[in-house]
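Here is the file entry03.cif (mmCIF, C-alpha atoms).
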data_input
#
loop_
_atom_site.label_atom_id
_atom_site.label_comp_id
_atom_site.auth_asym_id
_atom_site.auth_seq_id
_atom_site.Cartn_x
_atom_site.Cartn_y
_atom_site.Cartn_z
CA GLY A 174 -29.63 -66.01 -41.79
CA GLU A 175 -29.75 -67.60 -38.35
CA GLU A 176 -32.22 -66.15 -35.87
CA ILE A 177 -30.28 -65.08 -32.81
CA ALA A 178 -32.92 -63.39 -30.63
CA THR A 179 -36.65 -62.74 -30.32
CA PHE A 180 -38.22 -59.86 -28.39
CA ILE A 181 -41.94 -59.67 -27.58
CA GLY A 182 -43.98 -56.82 -26.10
CA SER A 183 -43.42 -53.07 -26.64
CA VAL A 184 -40.07 -53.56 -28.37
CA GLU A 185 -37.92 -50.47 -29.00
CA MET A 186 -34.73 -50.31 -31.06
CA LYS A 187 -32.65 -47.20 -31.68
CA LYS A 188 -29.78 -46.35 -34.01
CA GLY A 189 -28.68 -42.76 -34.46
CA ASN A 190 -31.69 -40.58 -35.28
CA LEU A 191 -33.87 -43.62 -36.08
CA THR A 192 -36.10 -45.30 -33.48
CA VAL A 193 -38.19 -48.40 -34.23
CA PHE A 194 -41.16 -49.64 -32.18
CA SER A 195 -43.10 -52.90 -32.63
CA ASP A 196 -44.96 -55.62 -30.73
CA LYS A 197 -42.46 -58.29 -31.77
CA MET A 198 -38.95 -58.25 -33.20
CA ARG A 199 -36.62 -61.00 -34.40
CA MET A 200 -32.89 -60.45 -34.91
CA TYR A 201 -30.88 -62.33 -37.56
CA SER A 202 -27.12 -62.68 -37.86
CA GLN A 203 -26.94 -62.34 -41.64
CA GLY A 204 -26.75 -58.69 -42.65
CA ASN A 205 -27.46 -57.64 -39.08
CA LYS A 206 -31.17 -57.74 -39.90
CA ALA A 207 -34.20 -57.08 -37.69
CA VAL A 208 -37.75 -58.13 -38.59
CA GLY A 209 -40.69 -56.71 -36.66
CA GLU A 210 -44.45 -56.90 -36.75
CA GLY A 211 -47.48 -55.54 -34.97
CA ASN A 212 -48.06 -51.79 -34.44
CA VAL A 213 -44.85 -50.90 -36.20
CA LYS A 214 -43.74 -47.28 -35.84
CA ILE A 215 -40.45 -45.83 -37.09
CA VAL A 216 -39.45 -42.29 -36.13
CA VAL A 217 -36.68 -40.42 -37.95
CA ASP A 218 -35.75 -37.03 -36.53
CA ASN A 219 -33.33 -34.49 -37.99
CA GLU A 220 -32.79 -30.73 -38.02
CA LYS A 221 -35.13 -29.95 -40.92
CA GLU A 222 -38.02 -32.34 -40.47
CA SER A 223 -39.21 -35.45 -38.70
CA ARG A 224 -40.77 -38.54 -40.27
CA GLU A 225 -43.09 -41.06 -38.71
CA LEU A 226 -43.65 -44.33 -40.58
CA THR A 227 -46.23 -46.91 -39.53
CA SER A 228 -47.13 -50.37 -40.85
CA GLY A 229 -47.88 -53.91 -39.78
CA TYR A 230 -44.49 -55.35 -40.77
CA TYR A 231 -40.94 -54.15 -41.33
CA GLU A 232 -37.44 -55.37 -42.14
CA TYR A 233 -34.44 -53.31 -41.07
CA HIS A 234 -31.02 -54.06 -42.53
CA ARG A 235 -28.69 -52.29 -40.12
CA ASP A 236 -25.52 -52.66 -42.18
CA ASP A 237 -27.11 -51.06 -45.25
CA GLU A 238 -29.35 -48.69 -43.26
CA TYR A 239 -32.26 -49.90 -45.36
CA VAL A 240 -35.86 -50.33 -44.18
CA ILE A 241 -38.78 -51.99 -46.00
CA LEU A 242 -42.35 -51.69 -44.73
CA LYS A 243 -45.35 -53.79 -45.72
CA GLU A 244 -48.98 -54.15 -44.61
CA SER A 245 -50.55 -50.70 -45.10
CA PRO A 246 -47.40 -48.57 -44.77
CA LYS A 247 -47.84 -44.87 -44.11
CA MET A 248 -45.35 -42.01 -43.80
CA VAL A 249 -46.02 -38.59 -42.29
CA ILE A 250 -43.45 -35.84 -42.88
CA ILE A 251 -43.60 -32.99 -40.37
CA SER A 252 -41.74 -29.77 -41.13
CA LYS A 253 -39.77 -28.33 -38.20
CA GLU A 254 -40.76 -24.88 -39.48
CA GLN A 255 -44.38 -25.86 -38.94
CA LYS A 256 -43.61 -26.78 -35.34
CA SER A 257 -41.97 -23.39 -34.91
CA LYS A 258 -45.07 -21.64 -36.16
CA LYS A 259 -47.21 -23.41 -33.61
CA ASN A 260 -44.89 -22.05 -30.92
CA ASN A 261 -44.82 -18.54 -32.36
CA GLU A 262 -48.09 -17.51 -33.96
CA ASN A 263 -46.74 -14.01 -34.64
CA ASN A 264 -44.19 -15.30 -37.15
CA LYS A 265 -46.14 -15.88 -40.36
CA ASN A 266 -43.14 -16.97 -42.45
CA THR A 267 -41.95 -20.02 -40.52
CA ILE A 268 -44.29 -22.63 -42.03
CA LYS A 269 -43.11 -24.32 -45.23
CA TYR A 270 -45.82 -26.91 -45.73
CA GLU A 271 -48.48 -28.76 -43.86
CA ASN A 272 -47.96 -32.34 -42.75
CA LEU A 273 -47.33 -34.46 -45.85
CA THR A 274 -48.86 -37.96 -45.65
CA ILE A 275 -47.92 -40.78 -48.03
CA THR A 276 -49.61 -44.19 -48.20
CA SER A 277 -48.82 -47.07 -50.57
CA ASP A 278 -48.63 -50.85 -50.92
CA LEU A 279 -44.89 -50.93 -50.20
CA MET A 280 -42.50 -48.41 -48.68
CA GLU A 281 -38.70 -48.39 -48.57
CA MET A 282 -36.29 -46.06 -46.80
CA TYR A 283 -32.67 -45.70 -47.89
CA SER A 284 -31.10 -43.76 -45.02
CA LYS A 285 -27.55 -43.73 -46.42
CA ASP A 286 -28.72 -42.22 -49.71
CA GLY A 287 -31.23 -39.85 -48.13
CA TYR A 288 -34.45 -40.91 -49.84
CA SER A 289 -37.62 -42.93 -49.30
CA LYS A 290 -39.67 -44.69 -51.97
CA ALA A 291 -43.37 -45.56 -52.02
CA THR A 292 -44.63 -48.07 -54.59
CA GLY A 293 -48.11 -49.22 -55.62
CA ASN A 294 -51.37 -47.27 -55.23
CA VAL A 295 -49.53 -44.25 -53.89
CA VAL A 296 -51.62 -41.46 -52.34
CA ILE A 297 -50.03 -38.24 -51.13
CA GLU A 298 -52.03 -35.76 -49.06
CA GLU A 299 -51.01 -32.26 -48.03
CA GLY A 300 -53.63 -29.74 -46.97
CA ASP A 301 -56.35 -29.65 -49.64
CA ARG A 302 -54.06 -31.22 -52.24
CA THR A 303 -54.17 -34.96 -53.04
CA SER A 304 -51.82 -36.71 -55.47
CA TYR A 305 -52.01 -40.20 -56.99
CA CYS A 306 -49.31 -42.21 -58.78
CA ASP A 307 -47.67 -45.64 -59.07
CA GLU A 308 -44.37 -44.58 -57.51
CA ALA A 309 -43.19 -41.63 -55.44
CA VAL A 310 -39.69 -40.87 -54.19
CA TYR A 311 -39.07 -38.37 -51.39
CA TYR A 312 -35.58 -36.81 -51.37
CA GLU A 313 -34.75 -35.52 -47.93
CA LYS A 314 -31.91 -33.12 -48.79
CA GLU A 315 -33.64 -31.51 -51.78
CA ASP A 316 -36.99 -31.49 -49.95
CA LYS A 317 -38.83 -32.73 -53.02
CA VAL A 318 -41.11 -35.56 -54.16
CA ILE A 319 -40.87 -37.08 -57.65
CA MET A 320 -44.00 -38.90 -58.84
CA THR A 321 -44.13 -41.29 -61.81
CA GLY A 322 -46.59 -43.84 -63.14
CA SER A 323 -49.69 -41.90 -64.26
CA PRO A 324 -49.28 -39.12 -61.68
CA ARG A 325 -52.31 -36.93 -61.00
CA ILE A 326 -52.76 -34.01 -58.64
CA GLU A 327 -56.14 -32.77 -57.46
CA GLN A 328 -56.58 -29.56 -55.51
CA ARG A 329 -60.08 -28.39 -54.83
CA ASP A 330 -61.62 -28.63 -58.35
CA ASN A 331 -58.31 -28.36 -60.21
CA ILE A 332 -56.72 -31.42 -61.82
CA PHE A 333 -53.21 -31.78 -63.30
CA THR A 334 -51.76 -34.83 -65.07
CA GLY A 335 -48.52 -35.74 -66.84
CA GLU A 336 -45.90 -38.46 -67.12
CA LYS A 337 -43.64 -37.16 -64.35
CA MET A 338 -44.21 -34.62 -61.59
CA THR A 339 -41.66 -33.02 -59.29
CA PHE A 340 -43.07 -31.23 -56.27
CA PHE A 341 -40.72 -28.96 -54.29
CA LEU A 342 -42.09 -28.80 -50.77
CA ASN A 343 -40.19 -25.74 -49.58
CA ASN A 344 -41.65 -23.33 -52.15
CA ASP A 345 -44.81 -25.11 -53.35
CA ARG A 346 -43.45 -25.40 -56.90
CA LEU A 347 -44.63 -28.15 -59.23
CA ILE A 348 -42.93 -29.21 -62.46
CA ILE A 349 -44.92 -31.47 -64.80
CA GLU A 350 -43.20 -33.25 -67.69
CA GLY A 351 -44.65 -35.23 -70.61
CA ASN A 352 -48.19 -34.93 -71.96
CA VAL A 353 -49.01 -32.09 -69.59
CA ASP A 354 -52.71 -31.53 -69.09
CA GLY A 355 -54.89 -29.85 -66.53
CA LYS A 356 -58.30 -28.44 -65.83
CA ILE A 357 -58.83 -25.33 -63.73
CA LEU A 358 -62.44 -25.32 -62.64
CA ASN A 359 -62.45 -22.78 -59.83
CA LYS A 360 -62.02 -19.05 -60.38
CA VAL A 361 -58.62 -17.53 -59.71
CA LYS A 362 -58.67 -14.66 -57.22
CA LYS A 363 -57.55 -11.34 -58.69
CA ASN A 364 -54.85 -10.73 -56.08
CA LYS A 365 -53.18 -14.10 -56.49
CA GLU A 366 -50.67 -14.75 -59.26
CA LYS A 367 -50.86 -18.21 -60.84
CA ASN A 368 -47.97 -19.55 -62.89
CA ILE A 369 -50.39 -21.44 -65.12
CA GLU A 370 -51.10 -21.00 -68.82
CA VAL A 371 -54.79 -21.47 -69.60
CA ASN A 372 -56.80 -21.98 -72.77
CA LYS A 373 -59.79 -19.75 -72.00
CA GLU A 374 -62.21 -21.68 -74.20
CA GLU A 375 -61.43 -25.21 -73.00
CA ASN A 376 -60.05 -24.14 -69.61
CA LYS A 377 -57.01 -26.43 -69.94
CA VAL A 378 -53.35 -25.99 -69.13
CA GLU A 379 -51.30 -25.99 -72.33
CA ASN A 380 -47.57 -26.42 -72.95
CA LYS A 381 -46.65 -25.33 -69.44
CA LYS A 382 -44.34 -27.51 -67.43
CA GLU A 383 -43.78 -25.40 -64.34
CA ILE A 384 -46.70 -24.53 -62.12
CA LYS A 385 -47.07 -22.63 -58.87
CA ILE A 386 -50.14 -23.84 -57.00
CA ASP A 387 -51.49 -22.75 -53.65
#
Can the structure in the file be given as structure tokens, please?
Amino acid sequence: GEEIATFIGSVEMKKGNLTVFSDKMRMYSQGNKAVGEGNVKIVVDNEKESRELTSGYYEYHRDDEYVILKESPKMVIISKEQKSKKNNENNKNTIKYENLTITSDLMEMYSKDGYSKATGNVVIEEGDRTSYCDEAVYYEKEDKVIMTGSPRIEQRDNIFTGEKMTFFLNNDRLIIEGNVDGKILNKVKKNKEKNIEVNKEENKVENKKEIKID
């Protein structure tokens, strides 16, 4: 499409609950598209959580409410319940999860459909838990992440693998599907219930698709 405007230096663009920052932005007539580069930061704020995405380059298709990020994209999801806990240390039940950080080769955000997708060398970090996969999709409304492409979760010395993993952020529940395997290397505390089935001799998870990990 035809370039209709160029903005340089601390550029800010806002639409609804989405705000985009960059060093440079070009506007195009076709598809009402914006292309930005340099210190890109996109902030999405809603009632449940806020997201901050950073990268070196982005394309924003305003008509479709679609964003693509390249050059070391990163997304941080911050629970509003976590913010509440910081303001009220006496309430121990307000935190749902720690900041969730996702990095990948490519990141896409589909605002109309309520999900974001990370593709290529995906790494997800939350507290002491790190996950690896080829593709991860975060669904805003369901508050869940679905990981495919050789997904693997590591937490302390514990390792879980499968063909597909669904992680529900609001209750720390993990469902693993297809060739489920895992190794539990640390000792389980007596007062903590673990929804994990273990082979005592080989110390492996067997035939269990739903796991509660904390």
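The space separating atom CA of A:Asn219 from atom CA of A:Tyr233 comes to 19.1 Å.
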So, counting only C-alpha atoms, which residue among A:Glu225, A:Asp237, A:Glu350, A:Asp316 is closest to A:Ile275?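 Smallest distance to A:Ile275 is found for A:Glu225.
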Taking into account only C-alpha atoms, which residue in the set A:Ser323, A:Tyr239, A:Val318, A:Phe194 is nearest to A:Asp286?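 Of A:Ser323, A:Tyr239, A:Val318, A:Phe194, the one nearest A:Asp286 is A:Tyr239, counting only C-alpha atoms.
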Could you tell me how far atom CA of A:Pro324 lies from atom CA of A:Ile241, in Å and to one decimal?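 Straight-line distance from atom CA of A:Pro324 to atom CA of A:Ile241 works out to 22.8 Å.
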Using only C-alpha atoms, which of A:Ser284, A:Asn344, A:Asn190, A:Ser245 sits nearest A:Asn212?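 Looking at the shortest contact to A:Asn212, the residue is A:Ser245.
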Taking into account all atoms listed in the file, which residue in the set A:Arg325, A:His234, A:Lys243, A:Lys317 is nearest to A:Arg346?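 The closest residue to A:Arg346 is A:Lys317.
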Could you state the separation of atom CA of A:Gly300 and atom CA of A:Thr334 in Å, given to one decimal place?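 These two atoms are separated by 18.9 Å.
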Using all atoms listed in the file, which residue out of A:Lys356, A:Lys290, A:Lys188, A:Lys337 lies closest to A:Glu238?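 Ranking A:Lys356, A:Lys290, A:Lys188, A:Lys337 by distance to A:Glu238, first place goes to A:Lys188.
Polymer residues near (-46.5, -33.3, -69.6): counting all atoms listed in the file with a cut-off of 7 Å, they are Gly335, Glu336, Ile349, Glu350, Gly351, Asn352, Val353, Asp354 and Lys382 of chain A.
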With all atoms listed in the file as the basis for distance, which of A:Ala207, A:Met320, A:Val249, A:Met198 is at the shortest distance from A:Thr227?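 Of A:Ala207, A:Met320, A:Val249, A:Met198, the one nearest A:Thr227, counting all atoms listed in the file, is A:Val249.
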Could you give me, as a ChimeraX atom specification, the residues within 12 Å of A:Met200, counting all atoms listed in the file and dropping anything in the same chain fewer than 2 positions from it? /A:174-181,184,186,197-198,202-209,232-235
Result set of the PyMOL selection byres ((chain A and resi 307) around 7) on the coordinates above, as a PyMOL selection string: chain A and resi 292-295+306+308+321-323
Would you list the residues near (-50.6, -33.1, -45.6) (no more than 8 Å away, in the coordinates of the file, using only C-alpha atoms) as a count of residues only? 12
Find the residues near A:Leu191: any atom within 9 Å, counting only C-alpha atoms, skip ones fewer than 5 places away on the same chain, and give them as a list in words.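 That gives Met186, Ile215, Val216, Val217 and Asp218 of chain A.
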